[in-house]
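Student: Structure file target36.tsv (TSV, C-alpha atoms) right here:
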chain	number	residue	atom	x	y	z
A	10	MET	CA	-24.45	4.44	94.92
A	11	ASN	CA	-26.59	1.44	95.93
A	12	SER	CA	-28.69	1.95	92.79
A	13	PHE	CA	-25.55	2.01	90.64
A	14	ARG	CA	-24.25	-1.17	92.27
A	15	LYS	CA	-27.57	-2.90	91.67
A	16	THR	CA	-27.73	-1.92	87.98
A	17	SER	CA	-24.04	-2.79	87.48
A	18	ALA	CA	-24.55	-6.20	89.08
A	19	LEU	CA	-27.62	-6.91	86.92
A	20	LEU	CA	-25.77	-5.90	83.76
A	21	LEU	CA	-22.73	-8.02	84.65
A	22	VAL	CA	-24.90	-11.04	85.44
A	23	SER	CA	-26.80	-10.63	82.16
A	24	VAL	CA	-23.58	-10.35	80.12
A	25	GLY	CA	-22.10	-13.24	82.11
A	26	ILE	CA	-25.08	-15.53	81.41
A	27	SER	CA	-24.94	-14.67	77.72
A	28	ASN	CA	-21.17	-15.30	77.58
A	29	LEU	CA	-21.38	-18.53	79.59
A	30	GLY	CA	-24.22	-19.80	77.41
A	31	ALA	CA	-22.21	-19.11	74.26
A	32	TRP	CA	-19.42	-21.39	75.51
A	33	ILE	CA	-21.84	-24.20	76.42
A	34	TYR	CA	-23.71	-24.12	73.12
A	35	PHE	CA	-20.54	-23.88	71.01
A	36	ILE	CA	-18.84	-26.83	72.72
A	37	ALA	CA	-22.05	-28.89	72.44
A	38	LEU	CA	-22.40	-27.97	68.77
A	39	ASN	CA	-18.80	-29.08	68.11
A	40	LEU	CA	-19.67	-32.55	69.41
A	41	ILE	CA	-23.00	-32.72	67.55
A	42	ILE	CA	-21.42	-31.89	64.17
A	43	LEU	CA	-18.48	-34.24	64.79
A	44	GLU	CA	-20.96	-37.03	65.58
A	45	MET	CA	-23.05	-36.18	62.47
A	46	THR	CA	-20.14	-36.03	60.02
A	47	GLY	CA	-17.08	-37.59	61.67
A	48	SER	CA	-15.14	-34.78	59.97
A	49	PRO	CA	-12.83	-32.33	61.83
A	50	PHE	CA	-13.08	-30.06	58.77
A	51	ALA	CA	-16.86	-29.82	59.23
A	52	VAL	CA	-16.23	-28.67	62.81
A	53	SER	CA	-13.58	-26.15	61.71
A	54	ILE	CA	-16.17	-24.40	59.53
A	55	LEU	CA	-17.88	-23.28	62.77
A	56	TYR	CA	-14.75	-21.30	63.65
A	57	VAL	CA	-14.61	-19.65	60.22
A	58	LEU	CA	-18.23	-18.49	60.60
A	59	VAL	CA	-17.33	-16.32	63.63
A	60	PRO	CA	-15.10	-13.70	61.91
A	61	LEU	CA	-17.19	-13.99	58.72
A	62	ALA	CA	-20.39	-13.07	60.59
A	63	SER	CA	-18.56	-10.26	62.39
A	64	LEU	CA	-17.34	-8.92	59.05
A	65	VAL	CA	-20.83	-8.94	57.51
A	66	SER	CA	-22.65	-7.46	60.53
A	67	ASN	CA	-20.17	-4.71	61.33
A	68	LEU	CA	-20.57	-3.14	57.90
A	69	TRP	CA	-24.02	-1.84	58.93
A	70	SER	CA	-24.64	-2.63	62.61
A	71	GLY	CA	-23.22	0.67	63.95
A	72	SER	CA	-25.83	2.67	62.04
A	73	LEU	CA	-28.55	0.69	63.81
A	74	ILE	CA	-27.01	0.60	67.29
A	75	ASP	CA	-26.41	4.37	67.45
A	76	ARG	CA	-30.10	5.09	66.68
A	77	VAL	CA	-32.03	2.70	68.95
A	78	ASP	CA	-32.56	1.92	72.62
A	79	THR	CA	-29.59	-0.39	73.17
A	80	ARG	CA	-31.17	-2.16	76.16
A	81	ARG	CA	-34.23	-3.16	74.11
A	82	LEU	CA	-32.00	-4.21	71.23
A	83	MET	CA	-30.01	-6.44	73.59
A	84	MET	CA	-33.25	-7.97	74.91
A	85	LEU	CA	-34.49	-8.63	71.38
A	86	LEU	CA	-31.16	-10.20	70.37
A	87	ASP	CA	-31.10	-12.49	73.44
A	88	GLY	CA	-34.69	-13.55	72.76
A	89	LEU	CA	-33.97	-14.33	69.11
A	90	ARG	CA	-30.79	-16.16	70.03
A	91	ALA	CA	-32.70	-18.26	72.58
A	92	PHE	CA	-35.19	-19.28	69.85
A	93	LEU	CA	-32.47	-20.12	67.31
A	94	VAL	CA	-30.34	-22.04	69.83
A	95	PHE	CA	-33.41	-24.03	70.90
A	96	SER	CA	-34.16	-24.85	67.25
A	97	LEU	CA	-30.67	-26.33	66.79
A	98	GLY	CA	-31.68	-29.25	69.00
A	99	TRP	CA	-34.26	-30.36	66.44
A	100	ILE	CA	-32.35	-29.90	63.17
A	101	ASP	CA	-30.37	-32.64	61.43
A	102	SER	CA	-29.40	-30.77	58.25
A	103	LEU	CA	-25.73	-29.75	58.35
A	104	TRP	CA	-26.15	-26.77	56.02
A	105	LEU	CA	-29.19	-25.50	57.94
A	106	ILE	CA	-27.14	-25.73	61.16
A	107	TYR	CA	-24.37	-23.67	59.52
A	108	GLY	CA	-26.95	-21.08	58.43
A	109	ILE	CA	-28.40	-20.78	61.94
A	110	VAL	CA	-24.92	-20.60	63.50
A	111	PHE	CA	-24.04	-17.80	61.08
A	112	LEU	CA	-27.17	-15.86	62.17
A	113	LEU	CA	-26.32	-16.53	65.83
A	114	ASN	CA	-22.82	-15.14	65.28
A	115	VAL	CA	-24.27	-12.04	63.59
A	116	MET	CA	-26.54	-11.51	66.59
A	117	SER	CA	-23.68	-12.11	69.03
A	118	SER	CA	-21.63	-9.47	67.23
A	119	LEU	CA	-24.56	-7.05	67.44
A	120	PHE	CA	-25.04	-7.86	71.12
A	121	GLU	CA	-21.38	-7.25	71.92
A	122	SER	CA	-21.34	-3.85	70.19
A	123	SER	CA	-24.70	-2.87	71.74
A	124	SER	CA	-23.58	-3.86	75.22
A	125	LEU	CA	-20.43	-1.72	74.88
A	126	VAL	CA	-22.53	1.35	74.03
A	127	TYR	CA	-25.04	0.58	76.79
A	128	MET	CA	-22.30	0.09	79.39
A	129	THR	CA	-20.77	3.43	78.44
A	130	GLN	CA	-24.17	5.10	78.87
A	131	LEU	CA	-24.99	3.35	82.14
A	132	VAL	CA	-21.67	3.45	84.01
A	133	PRO	CA	-20.30	6.83	85.20
A	134	ALA	CA	-16.87	7.72	83.79
A	135	SER	CA	-15.24	7.53	87.21
A	136	ASN	CA	-16.39	3.91	87.64
A	137	ARG	CA	-15.66	2.58	84.16
A	138	GLN	CA	-12.19	1.21	84.81
A	139	LYS	CA	-13.45	-0.82	87.79
A	140	PHE	CA	-16.54	-1.96	85.88
A	141	ASN	CA	-14.47	-3.00	82.85
A	142	ALA	CA	-12.21	-5.04	85.13
A	143	MET	CA	-15.27	-6.78	86.62
A	144	LYS	CA	-16.67	-7.40	83.12
A	145	ASN	CA	-13.33	-8.91	82.14
A	146	PHE	CA	-13.51	-11.11	85.25
A	147	VAL	CA	-17.04	-12.29	84.40
A	148	GLN	CA	-16.12	-13.08	80.80
A	149	SER	CA	-12.90	-14.87	81.76
A	150	SER	CA	-14.82	-16.88	84.37
A	151	GLY	CA	-17.02	-18.04	81.52
A	152	PHE	CA	-13.84	-19.20	79.78
A	153	ILE	CA	-13.24	-21.57	82.73
A	154	LEU	CA	-16.81	-22.39	83.79
A	155	GLY	CA	-18.27	-22.80	80.28
A	156	PRO	CA	-16.40	-26.00	79.35
A	157	THR	CA	-16.83	-27.32	82.92
A	158	ILE	CA	-20.60	-26.78	82.97
A	159	ALA	CA	-20.84	-28.18	79.45
A	160	GLY	CA	-19.01	-31.32	80.61
A	161	LEU	CA	-21.37	-31.72	83.58
A	162	LEU	CA	-24.41	-31.29	81.33
A	163	PHE	CA	-23.02	-33.96	78.99
A	164	LEU	CA	-22.84	-36.32	82.00
A	165	VAL	CA	-26.46	-35.57	82.95
A	166	GLY	CA	-27.84	-35.61	79.42
A	167	SER	CA	-26.57	-35.11	75.87
A	168	PRO	CA	-25.06	-32.22	73.87
A	169	THR	CA	-28.61	-31.48	72.67
A	170	PHE	CA	-29.73	-31.18	76.30
A	171	ALA	CA	-26.87	-28.70	76.90
A	172	ILE	CA	-28.12	-26.62	73.96
A	173	PHE	CA	-31.63	-26.50	75.45
A	174	VAL	CA	-30.20	-25.35	78.80
A	175	ASN	CA	-28.34	-22.57	77.00
A	176	ALA	CA	-31.57	-21.40	75.33
A	177	PHE	CA	-33.27	-21.06	78.73
A	178	ALA	CA	-30.19	-19.25	80.09
A	179	LEU	CA	-30.55	-16.64	77.33
A	180	ILE	CA	-34.18	-16.12	78.33
A	181	GLY	CA	-32.92	-15.54	81.88
A	182	SER	CA	-30.57	-12.89	80.48
A	183	VAL	CA	-33.57	-11.13	78.92
A	184	GLY	CA	-35.21	-11.07	82.35
A	185	MET	CA	-32.14	-9.39	83.85
A	186	LEU	CA	-32.07	-6.74	81.11
A	187	MET	CA	-35.76	-5.94	81.71
A	188	LEU	CA	-34.84	-4.68	85.18
A	189	LEU	CA	-32.29	-2.18	83.83
A	190	PRO	CA	-33.01	1.43	82.74
A	191	SER	CA	-33.33	2.46	79.11
A	192	HIS	CA	-31.03	4.97	77.42
A	193	LEU	CA	-32.96	6.01	74.33
A	194	ARG	CA	-31.83	9.27	72.75
A	195	THR	CA	-35.31	10.68	72.04
A	196	ASN	CA	-33.90	13.87	70.49
A	197	ALA	CA	-32.26	11.94	67.65
A	198	PRO	CA	-34.10	12.41	64.34
A	199	VAL	CA	-35.83	9.33	62.96
A	200	GLU	CA	-34.67	8.44	59.47
A	201	PRO	CA	-35.19	5.36	57.31
A	202	PHE	CA	-32.48	2.72	57.34
A	203	SER	CA	-30.78	2.81	53.94
A	204	MET	CA	-27.51	2.31	52.11
A	205	ARG	CA	-27.09	6.07	51.93
A	206	MET	CA	-27.35	6.26	55.73
A	207	ILE	CA	-24.65	3.59	56.11
A	208	ILE	CA	-22.32	5.40	53.68
A	209	ASP	CA	-22.90	8.75	55.47
A	210	ASP	CA	-22.18	7.06	58.81
A	211	TRP	CA	-18.89	5.70	57.53
A	212	LYS	CA	-17.97	9.24	56.48
A	213	VAL	CA	-18.69	10.40	60.06
A	214	VAL	CA	-16.33	7.72	61.40
A	215	ILE	CA	-13.61	8.68	58.92
A	216	ARG	CA	-13.91	12.35	59.93
A	217	PHE	CA	-13.65	11.44	63.61
A	218	ALA	CA	-10.63	9.22	62.92
A	219	SER	CA	-8.87	12.00	61.00
A	220	ASN	CA	-9.54	14.52	63.79
A	221	GLY	CA	-8.67	12.12	66.62
A	222	ARG	CA	-5.54	10.55	65.19
A	223	TYR	CA	-3.90	9.81	68.54
A	224	VAL	CA	-7.02	8.06	69.86
A	225	MET	CA	-7.18	6.12	66.60
A	226	LEU	CA	-3.50	5.19	66.88
A	227	ILE	CA	-3.76	3.90	70.46
A	228	TYR	CA	-6.92	1.90	69.87
A	229	GLY	CA	-5.58	0.72	66.51
A	230	LEU	CA	-2.56	-0.75	68.30
A	231	PHE	CA	-4.92	-2.69	70.57
A	232	CYS	CA	-6.65	-4.04	67.45
A	233	VAL	CA	-3.25	-5.10	66.10
A	234	MET	CA	-2.69	-6.92	69.41
A	235	THR	CA	-6.02	-8.71	68.97
A	236	ILE	CA	-5.14	-9.69	65.38
A	237	PHE	CA	-1.77	-11.16	66.42
A	238	MET	CA	-3.36	-13.03	69.31
A	239	SER	CA	-6.03	-14.55	67.05
A	240	GLY	CA	-3.39	-15.68	64.56
A	241	LEU	CA	-1.11	-17.15	67.22
A	242	ASP	CA	-4.01	-18.79	69.06
A	243	SER	CA	-4.92	-20.68	65.88
A	244	LEU	CA	-1.59	-22.55	66.25
A	245	GLU	CA	-1.84	-22.96	70.03
A	246	ALA	CA	-3.32	-26.49	70.10
A	247	SER	CA	-0.97	-27.70	67.34
A	248	PHE	CA	2.06	-26.24	69.13
A	249	ALA	CA	1.09	-27.82	72.45
A	250	THR	CA	0.33	-31.29	71.08
A	251	GLN	CA	2.76	-31.62	68.14
A	252	VAL	CA	5.77	-29.56	69.31
A	253	LEU	CA	5.58	-29.97	73.10
A	254	HIS	CA	3.95	-33.42	72.76
A	255	LEU	CA	1.37	-32.73	75.47
A	256	SER	CA	-1.56	-35.07	75.87
A	257	GLU	CA	-5.09	-33.73	75.40
A	258	SER	CA	-5.66	-33.75	79.16
A	259	ARG	CA	-2.45	-31.79	79.85
A	260	TYR	CA	-3.34	-29.32	77.13
A	261	GLY	CA	-6.76	-28.90	78.76
A	262	PHE	CA	-5.00	-28.18	82.06
A	263	LEU	CA	-2.80	-25.64	80.25
A	264	VAL	CA	-5.92	-23.84	79.01
A	265	SER	CA	-7.26	-23.81	82.59
A	266	ILE	CA	-4.03	-22.12	83.74
A	267	ALA	CA	-4.63	-19.45	81.09
A	268	GLY	CA	-8.11	-18.94	82.50
A	269	ILE	CA	-6.74	-18.59	86.03
A	270	GLY	CA	-4.27	-15.97	84.79
A	271	ILE	CA	-6.93	-13.70	83.28
A	272	ILE	CA	-9.23	-14.16	86.30
A	273	PHE	CA	-6.39	-13.22	88.69
A	274	GLY	CA	-5.44	-10.21	86.55
A	275	SER	CA	-9.07	-9.06	86.36
A	276	LEU	CA	-9.48	-9.29	90.14
A	277	ILE	CA	-6.36	-7.17	90.69
A	278	ASN	CA	-7.65	-4.59	88.20
A	279	SER	CA	-11.02	-4.49	89.93
A	280	ARG	CA	-9.63	-4.28	93.47
A	281	TRP	CA	-7.03	-1.58	92.76
A	282	SER	CA	-8.63	0.23	89.81
A	283	HIS	CA	-8.38	3.55	91.69
A	284	ARG	CA	-4.60	3.17	91.89
A	285	LEU	CA	-3.84	1.71	88.45
A	286	SER	CA	-3.58	4.41	85.81
A	287	LEU	CA	-4.78	3.86	82.26
A	288	SER	CA	-1.23	4.34	80.96
A	289	PHE	CA	0.07	1.60	83.30
A	290	CYS	CA	-2.69	-0.86	82.36
A	291	ILE	CA	-2.21	-0.28	78.64
A	292	GLY	CA	1.60	-0.28	78.79
A	293	PHE	CA	1.88	-3.35	81.03
A	294	GLY	CA	-0.65	-5.26	78.96
A	295	ALA	CA	0.90	-4.26	75.62
A	296	ILE	CA	4.43	-5.39	76.54
A	297	MET	CA	3.79	-8.38	78.84
A	298	THR	CA	1.16	-10.13	76.71
A	299	PRO	CA	3.64	-10.76	73.86
A	300	VAL	CA	6.27	-11.69	76.48
A	301	GLY	CA	3.91	-14.48	77.54
A	302	TYR	CA	3.63	-15.65	73.93
A	303	LEU	CA	7.44	-15.54	73.62
A	304	LEU	CA	7.80	-17.69	76.75
A	305	PHE	CA	5.33	-20.20	75.33
A	306	ALA	CA	7.01	-20.14	71.91
A	307	SER	CA	10.43	-20.81	73.54
A	308	SER	CA	9.19	-23.48	75.94
A	309	SER	CA	10.37	-27.06	75.90
A	310	SER	CA	8.46	-28.28	78.96
A	311	PHE	CA	4.97	-28.15	80.41
A	312	MET	CA	6.17	-25.94	83.28
A	313	MET	CA	7.61	-23.22	81.04
A	314	ALA	CA	4.55	-23.37	78.77
A	315	SER	CA	2.35	-22.91	81.85
A	316	VAL	CA	4.33	-19.84	82.93
A	317	GLY	CA	3.97	-18.38	79.43
A	318	PHE	CA	0.21	-19.00	79.37
A	319	PHE	CA	-0.27	-17.48	82.81
A	320	VAL	CA	1.82	-14.39	82.00
A	321	LEU	CA	0.06	-13.68	78.70
A	322	THR	CA	-3.48	-13.97	80.09
A	323	PHE	CA	-2.62	-12.13	83.33
A	324	ALA	CA	-1.23	-9.23	81.27
A	325	LEU	CA	-4.16	-9.43	78.85
A	326	ALA	CA	-6.54	-8.57	81.71
A	327	PHE	CA	-4.68	-5.25	82.15
A	328	ALA	CA	-4.67	-4.59	78.40
A	329	ASN	CA	-8.40	-5.27	78.03
A	330	THR	CA	-9.31	-3.02	80.96
A	331	GLY	CA	-6.95	-0.20	79.96
A	332	PHE	CA	-7.70	-0.08	76.24
A	333	LEU	CA	-11.48	-0.41	76.72
A	334	SER	CA	-11.56	2.39	79.31
A	335	PHE	CA	-9.42	4.60	77.04
A	336	TYR	CA	-11.83	3.89	74.17
A	337	GLN	CA	-14.90	4.78	76.27
A	338	HIS	CA	-13.32	8.00	77.53
A	339	HIS	CA	-12.36	9.34	74.10
A	340	VAL	CA	-14.90	8.03	71.57
A	341	PRO	CA	-18.25	9.91	71.79
A	342	VAL	CA	-21.07	7.55	72.73
A	343	GLU	CA	-23.18	9.05	69.92
A	344	ILE	CA	-20.94	7.39	67.30
A	345	MET	CA	-19.54	4.51	69.35
A	346	GLY	CA	-21.56	1.82	67.55
A	347	ARG	CA	-20.49	3.08	64.14
A	348	PHE	CA	-16.85	3.53	65.18
A	349	SER	CA	-16.54	0.04	66.69
A	350	GLY	CA	-18.30	-1.43	63.64
A	351	ALA	CA	-15.81	0.17	61.25
A	352	ILE	CA	-12.85	-0.94	63.37
A	353	ASN	CA	-14.21	-4.48	63.64
A	354	VAL	CA	-14.61	-4.78	59.86
A	355	ALA	CA	-10.91	-4.10	59.34
A	356	GLU	CA	-10.00	-6.29	62.31
A	357	SER	CA	-12.06	-9.26	61.06
A	358	LEU	CA	-10.51	-9.05	57.59
A	359	LEU	CA	-6.98	-8.98	59.01
A	360	VAL	CA	-7.74	-11.81	61.47
A	361	ILE	CA	-8.89	-14.02	58.59
A	362	LEU	CA	-5.83	-13.13	56.46
A	363	LEU	CA	-3.28	-13.50	59.27
A	364	THR	CA	-4.79	-16.75	60.56
A	365	PHE	CA	-4.72	-18.20	57.05
A	366	GLY	CA	-1.17	-16.92	56.46
A	367	ILE	CA	0.22	-18.22	59.75
A	368	GLY	CA	-1.38	-21.63	59.18
A	369	LEU	CA	0.07	-21.83	55.67
A	370	LEU	CA	3.55	-20.79	56.83
A	371	ALA	CA	3.42	-23.31	59.69
A	372	ASP	CA	2.78	-26.10	57.17
A	373	MET	CA	5.64	-24.91	54.96
A	374	VAL	CA	8.29	-23.91	57.53
A	375	GLY	CA	7.28	-25.53	60.81
A	376	ILE	CA	5.12	-24.60	63.78
A	377	ARG	CA	7.80	-23.43	66.27
A	378	PRO	CA	9.78	-21.07	63.99
A	379	VAL	CA	6.56	-19.44	62.71
A	380	TYR	CA	5.09	-19.14	66.21
A	381	LEU	CA	8.37	-17.67	67.52
A	382	ALA	CA	8.77	-15.23	64.61
A	383	PHE	CA	5.27	-13.81	64.95
A	384	SER	CA	5.65	-13.61	68.75
A	385	ILE	CA	8.77	-11.45	68.23
A	386	ILE	CA	6.87	-9.17	65.82
A	387	PHE	CA	4.06	-8.99	68.37
A	388	PHE	CA	6.61	-7.97	71.03
A	389	LEU	CA	7.91	-5.19	68.75
A	390	VAL	CA	4.31	-3.91	68.42
A	391	GLY	CA	4.18	-3.77	72.23
A	392	CYS	CA	7.45	-1.83	72.34
A	393	TYR	CA	6.08	0.65	69.79
A	394	THR	CA	2.94	1.08	71.90
A	395	ILE	CA	5.10	2.01	74.91
A	396	HIS	CA	7.05	4.46	72.74
A	397	VAL	CA	3.84	6.15	71.50
A	398	MET	CA	2.48	6.46	75.04
A	399	ARG	CA	5.67	8.09	76.38
A	400	ASP	CA	5.01	11.23	74.31
A	401	ARG	CA	4.81	13.93	77.03
A	402	SER	CA	2.48	16.10	74.95
A	403	LYS	CA	-0.16	13.31	75.00
A	404	ARG	CA	-0.24	12.71	78.75
A	405	GLU	CA	-3.66	14.35	79.13
A	406	TYR	CA	-5.21	11.47	77.14
A	407	PHE	CA	-4.47	9.16	80.07
A	408	SER	CA	-5.28	11.61	82.88
A	409	HIS	CA	-8.40	11.03	84.99
A	410	ASN	CA	-8.87	14.81	85.00
A	411	GLN	CA	-9.66	14.64	81.28
A	412	ILE	CA	-12.42	12.06	81.69
A	413	LYS	CA	-15.85	13.40	80.85
A	414	GLU	CA	-19.30	11.97	81.38
A	415	VAL	CA	-21.14	10.86	78.26
A	416	SER	CA	-24.66	12.05	77.70
If you took the structure in this file and wrote it as structure tokens, what would it be?

Tutor:
Amino acid sequence: MNSFRKTSALLLVSVGISNLGAWIYFIALNLIILEMTGSPFAVSILYVLVPLASLVSNLWSGSLIDRVDTRRLMMLLDGLRAFLVFSLGWIDSLWLIYGIVFLLNVMSSLFESSSLVYMTQLVPASNRQKFNAMKNFVQSSGFILGPTIAGLLFLVGSPTFAIFVNAFALIGSVGMLMLLPSHLRTNAPVEPFSMRMIIDDWKVVIRFASNGRYVMLIYGLFCVMTIFMSGLDSLEASFATQVLHLSESRYGFLVSIAGIGIIFGSLINSRWSHRLSLSFCIGFGAIMTPVGYLLFASSSSFMMASVGFFVLTFALAFANTGFLSFYQHHVPVEIMGRFSGAINVAESLLVILLTFGIGLLADMVGIRPVYLAFSIIFFLVGCYTIHVMRDRSKREYFSHNQIKEVS
């Protein structure tokens, strides 16, 4: 047990450093590009590169992740990211910066998928729900601490200095990963990486999806949640400043309240994971997250907007823990990289389309009616999720007795 706690702590710290560093570098890069160009549009391109890189990498990344030692892959990715982040401090070409940021986003996507597979291999099934809650806590802490640390680094030095600090933090993450055990499947046949392999792997995923339709349905609903959240979040700043007329400082405080909500929810999930069933976590998260968006969409004051933000992020902590644990329990680790890659391709495409569509409708109709309409649709998705989960014949999917260890 002590060994498991040590390895879990090292993995969480490594993921936390990587996540925290990503916030620091991205905020610093926003300021650097704004100073270089004076154009908000030039900064917005950084946000488009995230789903675009995810879309490109997830077409093939699963085929790689499912065939290599995921710990060593994570170490390599952190090392390469450290080098590329460090190089950003010396580059003054805007297009070269965009190219490096695109590569960094590809590597971040690979790291995220690799870490999910590695966590599933490392953490026993009986401890996954608690571990996922702690991981959610670490990542949500980065949401709060990242901008704060970035601000402090800007006081001490410059945005470039903050980028250099992030590069060294990624090297520290590599050091943490070196202390963890490997999980290389030595019995897997070695085959050359090719387009045929990728196509065959997609066929494997399609076969699994057709045979595990209920698992696909439940996790697909979580992906729909993520898509709606991404679309609505793209209007969040505009809604707060143009509809509610909040100042930038009050909007920043509103974001901090959201961070507190997800931290509080993650702590509750971690502390009482043995008492919170998967069905409760998924159901509560699926219905209360859109309720939080509805409260925010209906708000006319800072207080009501704060309640909405807190409710949605508090509930999101339950949804993240529940859906991720369900995914790990029912998707074989041998195809987990390929499965998540295929899901993420569809998710990235729909995020781009919905974000573009919501933004266009907001310009044509108005921010509040569009935000409110999509929040209502999101709520209906939550209601449907509850309906699907209440099927008595599917109860074993959420039973701890059905949880099996992965090899």

Student: Under the rule that only C-alpha atoms are counted, which of A:Thr394, A:Ser357, A:Ser66, A:Thr46 is the nearest residue to Ser288 in chain A?

Tutor: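 Closest residue, counting only C-alpha atoms: A:Thr394.
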
Student: I'd like to know which of A:Asn39, A:Ser239, A:Thr250, A:Ser279 is closest to Phe383 in chain A, using only C-alpha atoms.

Tutor: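 Checking each of A:Asn39, A:Ser239, A:Thr250, A:Ser279 against Phe383 in chain A, counting only C-alpha atoms, the winner is A:Ser239.
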
Student: If you count all atoms listed in the file, which residues fall within 7 Å of Ser72 in chain A, apart from same-chain ones fewer than 4 positions away, as a list in words?

Tutor: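 Contacts, with the query itself left out: Arg76, Ile207, Asp210 and Arg347 of chain A.
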
Student: Using all atoms listed in the file, what table do you get, as JSON lines, when you list each residue of range 114-159 of chain A with an atom no more than 10 Å from range 333-339 of chain A, its nearest pair of atoms, and their distance in Å rounded to one decimal, rows by chain then rising number?

Tutor:
{"residue": "A:Leu125", "atom": "CA", "partner": "A:Gln337", "partner_atom": "CA", "distance": 8.6}
{"residue": "A:Val126", "atom": "CA", "partner": "A:Gln337", "partner_atom": "CA", "distance": 8.7}
{"residue": "A:Met128", "atom": "CA", "partner": "A:Gln337", "partner_atom": "CA", "distance": 9.3}
{"residue": "A:Thr129", "atom": "CA", "partner": "A:Gln337", "partner_atom": "CA", "distance": 6.4}
{"residue": "A:Gln130", "atom": "CA", "partner": "A:Gln337", "partner_atom": "CA", "distance": 9.6}
{"residue": "A:Ala134", "atom": "CA", "partner": "A:His338", "partner_atom": "CA", "distance": 7.2}
{"residue": "A:Ser135", "atom": "CA", "partner": "A:His338", "partner_atom": "CA", "distance": 9.9}
{"residue": "A:Asn136", "atom": "CA", "partner": "A:Ser334", "partner_atom": "CA", "distance": 9.7}
{"residue": "A:Arg137", "atom": "CA", "partner": "A:Ser334", "partner_atom": "CA", "distance": 6.4}
{"residue": "A:Gln138", "atom": "CA", "partner": "A:Ser334", "partner_atom": "CA", "distance": 5.7}
{"residue": "A:Lys139", "atom": "CA", "partner": "A:Ser334", "partner_atom": "CA", "distance": 9.3}
{"residue": "A:Phe140", "atom": "CA", "partner": "A:Ser334", "partner_atom": "CA", "distance": 9.3}
{"residue": "A:Asn141", "atom": "CA", "partner": "A:Ser334", "partner_atom": "CA", "distance": 7.1}
{"residue": "A:Ala142", "atom": "CA", "partner": "A:Ser334", "partner_atom": "CA", "distance": 9.5}

Student: Distance CA of Leu179 in chain A-CA of Thr79 in chain A, one decimal place?

Tutor: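 Separation of CA of Leu179 in chain A and CA of Thr79 in chain A: 16.8 Å.
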
Student: To one decimal place, how far is CA of Val94 in chain A from CA of Leu58 in chain A in Å?

Tutor: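 Separating CA of Val94 in chain A from CA of Leu58 in chain A is a distance of 15.6 Å.
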
Student: At most 12 Å is the cut-off: for each residue in range 297-322 of chain A with any atom that close to an atom of range 222-236 of chain A, write down the nearest atom pair and the distance in Å rounded to one decimal, counting all atoms listed in the file, chain first then increasing number, as CSV.

Tutor:
residue,atom,partner,partner_atom,distance
A:Met297,CA,A:Met234,CA,11.5
A:Thr298,CA,A:Met234,CA,8.9
A:Pro299,CA,A:Met234,CA,8.6
A:Tyr302,CA,A:Met234,CA,11.7
A:Leu321,CA,A:Met234,CA,11.8

Student: What is the CA of Ile266 in chain A-CA of Arg284 in chain A distance in Å, reported with one decimal?

Tutor: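 Separation between CA of Ile266 in chain A and CA of Arg284 in chain A: 26.6 Å.
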
Student: Hey, what's within 8 Å of Ala178 in chain A if we count all atoms listed in the file and toss same-chain stuff fewer than 6 positions away? As a PyMOL selection string, please?

Tutor: chain A and resi 26-27+30+91

Student: Please determine, counting all atoms listed in the file, which residue among A:Tyr406, A:Phe293, A:Trp99, A:Phe237 has the shortest atom-to-atom distance to Ile361 in chain A.

Tutor: A:Phe237
